[in-house]
file final_14.txt (compact mmCIF, C-alpha atoms)
# COMPACT_ATOMS: atom_id res chain seq x y z
CA SER L 65 62.73 163.84 -125.96
CA SER L 66 66.05 162.11 -125.39
CA GLU L 67 68.87 163.52 -127.44
CA PRO L 68 72.03 161.50 -127.95
CA ALA L 69 74.80 162.51 -125.58
CA PRO L 70 77.51 164.63 -127.19
CA ALA L 71 80.82 162.94 -127.86
CA PRO L 72 83.12 163.27 -124.86
CA SER L 73 85.69 166.02 -125.28
CA GLN L 74 88.12 164.25 -122.95
CA PRO L 75 89.45 160.69 -123.04
CA PRO L 76 87.69 158.06 -120.95
CA ARG L 77 88.85 157.60 -117.38
CA PRO L 78 92.22 155.85 -117.27
CA PRO L 79 92.58 152.41 -115.65
CA ALA L 80 93.19 151.89 -111.93
CA SER L 81 96.94 151.74 -112.40
CA THR L 82 97.05 155.53 -112.69
CA GLY L 83 96.64 155.80 -108.93
CA ASP L 84 99.67 155.72 -106.67
CA VAL L 85 100.32 151.97 -106.74
CA ARG L 86 101.44 150.77 -103.31
CA GLY L 87 102.09 147.36 -101.80
CA TYR L 88 101.01 146.47 -98.25
CA ASP L 89 102.62 143.43 -96.63
CA VAL L 90 100.83 141.74 -93.75
CA LEU L 91 101.30 138.34 -92.10
CA GLY L 92 98.63 136.81 -94.34
CA GLY L 93 99.91 138.05 -97.67
CA GLN L 94 100.37 141.11 -99.83
CA VAL L 95 97.84 143.63 -101.10
CA VAL L 96 98.57 146.03 -103.94
CA LEU L 97 96.30 149.06 -104.20
CA ALA L 98 96.07 151.97 -106.62
CA VAL L 99 95.53 154.79 -104.14
CA ARG L 100 94.11 158.20 -105.01
CA PRO L 101 93.13 161.00 -102.61
CA ASP L 102 89.47 160.18 -103.29
CA GLY L 103 89.59 156.39 -103.32
CA ALA L 104 91.49 153.16 -103.80
CA GLU L 105 91.19 150.25 -106.21
CA LEU L 106 92.45 146.73 -105.65
CA VAL L 107 95.23 145.75 -108.05
CA SER L 108 96.05 142.37 -106.49
CA ALA L 109 95.71 140.38 -103.28
CA THR L 110 98.13 137.48 -102.88
CA PRO L 111 97.70 135.23 -99.83
CA ASN L 112 100.67 133.55 -98.19
CA GLN L 113 100.67 129.76 -97.98
CA GLY L 114 97.86 128.48 -95.80
CA TYR L 115 95.81 131.68 -95.94
CA THR L 116 92.62 132.39 -97.86
CA VAL L 117 91.67 135.85 -99.11
CA GLN L 118 88.36 137.69 -99.28
CA THR L 119 87.66 141.21 -100.47
CA TRP L 120 84.80 143.58 -99.83
CA GLN L 121 84.20 146.96 -101.40
CA ASN L 122 81.56 149.56 -100.72
CA GLU L 123 81.10 153.25 -101.25
CA GLY L 124 83.92 154.85 -99.32
CA TRP L 125 85.94 151.77 -98.32
CA LEU L 126 87.71 148.62 -99.46
CA ARG L 127 88.71 145.70 -97.24
CA VAL L 128 91.00 142.77 -98.00
CA GLU L 129 91.19 140.02 -95.40
CA PHE L 130 93.53 137.04 -95.26
CA THR L 131 92.54 134.27 -92.85
CA ARG L 132 94.05 131.05 -91.53
CA GLY L 133 91.99 129.46 -88.78
CA GLU L 134 91.30 132.11 -86.17
CA HIS L 135 94.24 134.26 -87.24
CA GLY L 136 93.99 136.87 -89.90
CA SER L 137 95.34 140.02 -91.46
CA THR L 138 93.29 142.86 -92.88
CA VAL L 139 94.20 145.77 -95.13
CA PHE L 140 91.49 148.39 -94.86
CA ALA L 141 91.32 151.44 -97.13
CA SER L 142 88.84 154.18 -96.30
CA TRP L 143 88.00 157.45 -98.02
CA TYR L 144 84.50 158.31 -96.84
CA GLU L 145 84.43 162.08 -96.26
CA HIS L 146 88.22 162.24 -95.82
CA PRO L 147 91.37 161.66 -97.91
CA THR L 148 92.22 157.99 -98.40
CA THR L 149 93.83 156.18 -95.49
CA VAL L 150 95.08 152.59 -95.43
CA GLU L 151 95.41 150.54 -92.24
CA ARG L 152 96.96 147.14 -91.58
CA ILE L 153 95.20 145.13 -88.87
CA GLU L 154 96.53 141.83 -87.43
CA ARG L 155 94.54 139.54 -85.17
call {"tool": "encode", "arguments": {"input": "final_14.txt", "output": "structure tokens"}}
result
Amino acid sequence: SSEPAPAPSQPPRPPASTGDVRGYDVLGGQVVLAVRPDGAELVSATPNQGYTVQTWQNEGWLRVEFTRGEHGSTVFASWYEHPTTVERIER
């Protein structure tokens, strides 16, 4: 027998912007993340002229990569089994 779920006694989860919103500048562009101790959400990813942007997200990490030819910049947020860290990687 499936009973209807009781009405939530607390408001629904607030939007991503309630994290600590931080900007990360790299050669390829700018990434804005809402960072919490237990995760990060992408707010925006703005490539600089000539760069393209791709994003990947999985359980425990988020990666934003700007590329132009063989050059690129990555912002990598990770929180799998540890508090959230954010790295900038240039290649």
call {"tool": "residues_around", "arguments": {"input": "final_14.txt", "residues": "Gly133 (chain L)", "least_positions_apart": "5", "cutoff": "10 Å", "atoms": "all atoms listed in the file", "output": "ChimeraX atom specification"}}
result
/L:114-116
call {"tool": "write_last_selection", "arguments": {"input": "final_14.txt", "atoms": "C-alpha atoms", "output": "tab-separated table (two decimals), keeping the file's coordinate frame"}}
result
chain	number	residue	atom	x	y	z
L	114	GLY	CA	97.86	128.48	-95.80
L	115	TYR	CA	95.81	131.68	-95.94
L	116	THR	CA	92.62	132.39	-97.86
call {"tool": "atom_distance", "arguments": {"input": "final_14.txt", "atom1": "CA of Thr119 (chain L)", "atom2": "CA of Val139 (chain L)"}}
result
9.6 Å
call {"tool": "atom_distance", "arguments": {"input": "final_14.txt", "atom1": "CA of Glu145 (chain L)", "atom2": "CA of Gln118 (chain L)"}}
result
24.9 Å
call {"tool": "residues_around", "arguments": {"input": "final_14.txt", "residues": "region 86-95 of chain L", "least_positions_apart": "4", "cutoff": "9 Å", "atoms": "all atoms listed in the file", "output": "number ranges by chain"}}
result
L: 99, 106-117, 128-132, 135-139, 150, 152-154
call {"tool": "atom_distance", "arguments": {"input": "final_14.txt", "atom1": "CA of Trp125 (chain L)", "atom2": "CA of His146 (chain L)"}}
result
11.0 Å
call {"tool": "residues_around", "arguments": {"input": "final_14.txt", "residues": "Ala104 (chain L)", "least_positions_apart": "6", "cutoff": "12 Å", "atoms": "all atoms listed in the file", "output": "JSON, numbers by chain"}}
result
{"L": [79, 80, 81, 82, 83, 84, 85, 86, 95, 96, 97, 98, 121, 122, 123, 124, 125, 126, 127, 128, 139, 140, 141, 142, 143, 144, 147, 148, 149, 150]}
call {"tool": "axis_aligned_box", "arguments": {"input": "final_14.txt", "around": "region 94-103 of chain L", "padding_each_side": "5 Å", "output": "AutoDock Vina command-line options"}}
result
--center_x 94.9 --center_y 151.1 --center_z -103.2 --size_x 20.9 --size_y 29.9 --size_z 16.8
call {"tool": "decode", "arguments": {"input": "final_14.txt", "residues": "region 105-127 of chain L", "atoms": "N, CA, C and O atoms", "output": "PDB file, in the first residue's frame"}}
result
ATOM      1  N   GLU L 105      27.964  23.843  -7.867  1.00  0.00           N
ATOM      2  CA  GLU L 105      27.070  23.895  -9.020  1.00  0.00           C
ATOM      3  C   GLU L 105      27.548  24.996  -9.939  1.00  0.00           C
ATOM      4  O   GLU L 105      27.969  26.061  -9.489  1.00  0.00           O
ATOM      5  N   LEU L 106      27.460  24.740 -11.232  1.00  0.00           N
ATOM      6  CA  LEU L 106      27.881  25.720 -12.223  1.00  0.00           C
ATOM      7  C   LEU L 106      26.841  26.827 -12.324  1.00  0.00           C
ATOM      8  O   LEU L 106      25.654  26.564 -12.528  1.00  0.00           O
ATOM      9  N   VAL L 107      27.286  28.065 -12.152  1.00  0.00           N
ATOM     10  CA  VAL L 107      26.415  29.227 -12.346  1.00  0.00           C
ATOM     11  C   VAL L 107      26.566  29.724 -13.780  1.00  0.00           C
ATOM     12  O   VAL L 107      25.592  29.937 -14.482  1.00  0.00           O
ATOM     13  N   SER L 108      27.818  29.908 -14.224  1.00  0.00           N
ATOM     14  CA  SER L 108      28.054  30.318 -15.605  1.00  0.00           C
ATOM     15  C   SER L 108      29.460  29.943 -16.028  1.00  0.00           C
ATOM     16  O   SER L 108      30.355  29.779 -15.189  1.00  0.00           O
ATOM     17  N   ALA L 109      29.643  29.795 -17.336  1.00  0.00           N
ATOM     18  CA  ALA L 109      30.956  29.540 -17.927  1.00  0.00           C
ATOM     19  C   ALA L 109      31.033  30.393 -19.185  1.00  0.00           C
ATOM     20  O   ALA L 109      30.271  30.185 -20.122  1.00  0.00           O
ATOM     21  N   THR L 110      31.918  31.386 -19.170  1.00  0.00           N
ATOM     22  CA  THR L 110      31.993  32.351 -20.263  1.00  0.00           C
ATOM     23  C   THR L 110      33.356  32.248 -20.937  1.00  0.00           C
ATOM     24  O   THR L 110      34.368  32.648 -20.349  1.00  0.00           O
ATOM     25  N   PRO L 111      33.412  31.710 -22.165  1.00  0.00           N
ATOM     26  CA  PRO L 111      34.709  31.591 -22.832  1.00  0.00           C
ATOM     27  C   PRO L 111      35.211  32.937 -23.342  1.00  0.00           C
ATOM     28  O   PRO L 111      34.416  33.795 -23.720  1.00  0.00           O
ATOM     29  N   ASN L 112      36.525  33.116 -23.334  1.00  0.00           N
ATOM     30  CA  ASN L 112      37.120  34.275 -23.984  1.00  0.00           C
ATOM     31  C   ASN L 112      37.068  34.075 -25.496  1.00  0.00           C
ATOM     32  O   ASN L 112      36.840  32.963 -25.985  1.00  0.00           O
ATOM     33  N   GLN L 113      37.305  35.160 -26.233  1.00  0.00           N
ATOM     34  CA  GLN L 113      37.221  35.097 -27.689  1.00  0.00           C
ATOM     35  C   GLN L 113      38.160  34.025 -28.240  1.00  0.00           C
ATOM     36  O   GLN L 113      39.312  33.923 -27.835  1.00  0.00           O
ATOM     37  N   GLY L 114      37.618  33.197 -29.125  1.00  0.00           N
ATOM     38  CA  GLY L 114      38.411  32.158 -29.750  1.00  0.00           C
ATOM     39  C   GLY L 114      38.378  30.816 -29.028  1.00  0.00           C
ATOM     40  O   GLY L 114      38.876  29.830 -29.547  1.00  0.00           O
ATOM     41  N   TYR L 115      37.818  30.783 -27.829  1.00  0.00           N
ATOM     42  CA  TYR L 115      37.740  29.542 -27.066  1.00  0.00           C
ATOM     43  C   TYR L 115      36.336  28.967 -27.132  1.00  0.00           C
ATOM     44  O   TYR L 115      35.352  29.695 -27.232  1.00  0.00           O
ATOM     45  N   THR L 116      36.260  27.636 -27.045  1.00  0.00           N
ATOM     46  CA  THR L 116      34.967  26.969 -26.869  1.00  0.00           C
ATOM     47  C   THR L 116      34.934  26.419 -25.447  1.00  0.00           C
ATOM     48  O   THR L 116      35.972  26.252 -24.809  1.00  0.00           O
ATOM     49  N   VAL L 117      33.730  26.133 -24.964  1.00  0.00           N
ATOM     50  CA  VAL L 117      33.582  25.647 -23.593  1.00  0.00           C
ATOM     51  C   VAL L 117      32.787  24.349 -23.590  1.00  0.00           C
ATOM     52  O   VAL L 117      31.851  24.182 -24.366  1.00  0.00           O
ATOM     53  N   GLN L 118      33.213  23.418 -22.730  1.00  0.00           N
ATOM     54  CA  GLN L 118      32.461  22.187 -22.493  1.00  0.00           C
ATOM     55  C   GLN L 118      32.413  21.972 -20.991  1.00  0.00           C
ATOM     56  O   GLN L 118      33.351  22.340 -20.278  1.00  0.00           O
ATOM     57  N   THR L 119      31.326  21.362 -20.534  1.00  0.00           N
ATOM     58  CA  THR L 119      31.217  21.061 -19.106  1.00  0.00           C
ATOM     59  C   THR L 119      30.845  19.593 -18.935  1.00  0.00           C
ATOM     60  O   THR L 119      30.127  19.025 -19.759  1.00  0.00           O
ATOM     61  N   TRP L 120      31.364  19.024 -17.876  1.00  0.00           N
ATOM     62  CA  TRP L 120      31.024  17.666 -17.481  1.00  0.00           C
ATOM     63  C   TRP L 120      30.714  17.687 -15.997  1.00  0.00           C
ATOM     64  O   TRP L 120      31.369  18.404 -15.243  1.00  0.00           O
ATOM     65  N   GLN L 121      29.734  16.885 -15.604  1.00  0.00           N
ATOM     66  CA  GLN L 121      29.434  16.780 -14.173  1.00  0.00           C
ATOM     67  C   GLN L 121      29.133  15.328 -13.859  1.00  0.00           C
ATOM     68  O   GLN L 121      28.499  14.629 -14.648  1.00  0.00           O
ATOM     69  N   ASN L 122      29.615  14.891 -12.709  1.00  0.00           N
ATOM     70  CA  ASN L 122      29.356  13.530 -12.277  1.00  0.00           C
ATOM     71  C   ASN L 122      29.207  13.564 -10.770  1.00  0.00           C
ATOM     72  O   ASN L 122      29.354  14.624 -10.163  1.00  0.00           O
ATOM     73  N   GLU L 123      28.943  12.429 -10.184  1.00  0.00           N
ATOM     74  CA  GLU L 123      28.809  12.392  -8.736  1.00  0.00           C
ATOM     75  C   GLU L 123      30.177  12.666  -8.126  1.00  0.00           C
ATOM     76  O   GLU L 123      31.114  11.923  -8.362  1.00  0.00           O
ATOM     77  N   GLY L 124      30.298  13.776  -7.432  1.00  0.00           N
ATOM     78  CA  GLY L 124      31.552  14.075  -6.763  1.00  0.00           C
ATOM     79  C   GLY L 124      32.473  15.032  -7.480  1.00  0.00           C
ATOM     80  O   GLY L 124      33.477  15.446  -6.922  1.00  0.00           O
ATOM     81  N   TRP L 125      32.162  15.426  -8.726  1.00  0.00           N
ATOM     82  CA  TRP L 125      33.033  16.379  -9.418  1.00  0.00           C
ATOM     83  C   TRP L 125      32.307  17.126 -10.524  1.00  0.00           C
ATOM     84  O   TRP L 125      31.260  16.698 -11.001  1.00  0.00           O
ATOM     85  N   LEU L 126      32.907  18.248 -10.916  1.00  0.00           N
ATOM     86  CA  LEU L 126      32.399  19.095 -11.987  1.00  0.00           C
ATOM     87  C   LEU L 126      33.614  19.655 -12.724  1.00  0.00           C
ATOM     88  O   LEU L 126      34.569  20.104 -12.092  1.00  0.00           O
ATOM     89  N   ARG L 127      33.586  19.600 -14.043  1.00  0.00           N
ATOM     90  CA  ARG L 127      34.730  20.061 -14.829  1.00  0.00           C
ATOM     91  C   ARG L 127      34.240  20.993 -15.926  1.00  0.00           C
ATOM     92  O   ARG L 127      33.285  20.692 -16.635  1.00  0.00           O
TER      93      ARG L 127
END
